[in-house]
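Here is the structure we will look at.
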Amino acid sequence: GTKVPGVTTVLGIINKPALIKWSNNLGLQGIDSSTYVDATARIGTLAHEMIQAYLGGPEWDRDAYTPEEINTAENAVLSFYEWERQTGHTMQTLEIEMPVVSEEYGYGGTVDWLGYIDGKLWLVDIKTSKGLYPEHEYQVSAYHQALLEKGYKVEGVRLLRVGRSEDEGFDDHVLSDVQLSAGWEVFRSALSLYRDINAYSNAKKYGFKGGGINGR
């Protein structure tokens, strides 16, 4: 019954210089970044749905998307197929879009894919962005921690980026134990800051109580 913040919400407090520069470049081209993000988010969602359906998840709704969105999302799916072909990996799905909550630290999130790759239990987070960024590592480190809490013996964590255009290909980024540990520490710090900011906002909203400097 206790409401907890999501992983991506928590990480939203971290400044992202690359995102600021990207948004500014769009503005210089006369492109509304909010509209652009909404459009690419829909394509990213569809690409996820297509790949997850291929891996045993629910079928995606063709009527919910335009032909242009479907064509663009198919590029990401083809990149995924190419990753499978080049690596020779076999994925056996255990969970897709799996909600997880950390009771110990008080946060939640949704795991893209959990299952077996070549006989080992893997957490895989699929990205359709143009690149992989540090916050992606913080994100999967938090998911990894929540799964460990639940007793899952995860043996590997990877970020799999599949491009939305024909020339973007894929990036297969396997996180080391050191990266997972460091990413988790960053996330935990962000979670603490997120709560402190919320506490400050609530105190400001309902009125600060107690004496100030020199009793004022």
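All residue names refer to the structure tokens as shown: chains lettered A, B, ... in order, residues numbered from 1 in each chain, ligands numbered from 1 in order.
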Problem - Long-range neighbours of Val77 (chain A) as a list in words, 8 Å cut-off, only C-alpha atoms, 3 positions minimum in chain - result: Ala47, Met50, Ile51, Ala73, Glu74, Phe80, Tyr81 and Val162 of chain A
Exercise for the section: Within region 38-193 of chain A, find each residue whose DSSP state, derived from the backbone, is alpha helix (DSSP H), and express the selection as number ranges by chain. Expected result: A: 38-54, 67-87, 134-149, 177-193
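The gap separating CA of Gly106 (chain A) from CA of Lys127 (chain A) is 24.9 Å, in Å to one decimal.
Interatomic distance, CA of Lys120 (chain A) to CA of Ser79 (chain A): 22.9 Å.
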Hey, which bits of region 91-127 of chain A sit within 12 Å of region 166-179 of chain A, and for each residue what's the closest pair of atoms and how far apart in Å (one decimal), counting only C-alpha atoms, rows by chain and increasing number, as CSV?
```
residue,atom,partner,partner_atom,distance
A:Trp122,CA,A:Val174,CA,10.2
A:Leu123,CA,A:Val174,CA,10.1
A:Val124,CA,A:Val174,CA,9.2
A:Asp125,CA,A:His173,CA,10.0
A:Ile126,CA,A:Asp172,CA,9.7
A:Lys127,CA,A:Asp171,CA,9.3
```
Handout entry: Close residues, region 138-146 of chain A itself excluded, 6 Å, only C-alpha atoms, min 6 positions apart in chain, as a list of chain:residue names
Key = A:Ser102, A:Leu180, A:Gly183, A:Trp184, A:Phe187
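Within 10 Å of Val10 (chain A), once only C-alpha atoms are used and residues closer than 3 positions along the same chain are dropped, the contacting residues are A:Pro5, A:Gly6, A:Val7, A:Ile13, A:Ile14, A:Tyr107, A:Gly108, A:Gln139, A:Phe187, A:Arg188, A:Ser189, A:Ala190, A:Leu191, A:Ser192, A:Leu193, A:Tyr194, A:Arg195.
Non-sequential neighbours of Asp63 (chain A) (distance at most 12 Å, separation of 6 or more positions within a chain, only C-alpha atoms) are Leu46, Glu69 and Ile70 of chain A.
In this model, the gap between CA of Ile197 (chain A) and CA of Lys150 (chain A) comes to 28.5 Å.
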Handout entry: region 28-130 of chain A: residues DSSP assigns to strand (DSSP E), reported as a ChimeraX atom specification
Key = /A:91-102,107-117,120-127
Could those residues be written to a file, using C-alpha atoms, as a short mmCIF file (atom, residue, chain, number, x, y, z; two decimals), in the first residue's frame?
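That gives us again21.cif:
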```
data_model
loop_
_atom_site.label_atom_id
_atom_site.label_comp_id
_atom_site.auth_asym_id
_atom_site.auth_seq_id
_atom_site.Cartn_x
_atom_site.Cartn_y
_atom_site.Cartn_z
CA MET A 91 17.07 -16.40 -25.74
CA GLN A 92 14.60 -18.37 -23.62
CA THR A 93 12.07 -16.03 -22.03
CA LEU A 94 11.22 -16.25 -18.35
CA GLU A 95 9.59 -12.82 -17.91
CA ILE A 96 8.71 -9.90 -20.21
CA GLU A 97 7.79 -6.41 -18.93
CA MET A 98 8.22 -7.68 -15.38
CA PRO A 99 7.25 -5.25 -12.57
CA VAL A 100 9.75 -5.28 -9.69
CA VAL A 101 9.78 -3.45 -6.37
CA SER A 102 12.61 -3.14 -3.89
CA TYR A 107 11.58 1.98 -5.48
CA GLY A 108 10.05 0.15 -8.41
CA GLY A 109 10.47 -0.42 -12.12
CA THR A 110 9.79 -2.66 -15.07
CA VAL A 111 12.33 -5.16 -16.38
CA ASP A 112 12.27 -5.48 -20.19
CA TRP A 113 13.37 -9.10 -20.33
CA LEU A 114 14.52 -11.78 -17.92
CA GLY A 115 15.43 -15.22 -19.14
CA TYR A 116 18.12 -17.62 -20.20
CA ILE A 117 20.82 -16.90 -22.76
CA LYS A 120 22.52 -18.59 -17.93
CA LEU A 121 19.98 -16.25 -16.32
CA TRP A 122 20.23 -12.77 -17.87
CA LEU A 123 18.60 -9.40 -17.35
CA VAL A 124 18.37 -7.61 -20.71
CA ASP A 125 17.27 -4.01 -21.16
CA ILE A 126 16.50 -3.11 -24.77
CA LYS A 127 17.14 0.46 -25.92
#
```
Exercise for the section: Please identify all polymer residues within 6 Å of region 88-90 of chain A, counting only C-alpha atoms, omitting same-chain residues fewer than 2 positions from it, and present them as a count of residues only. Expected result: 5
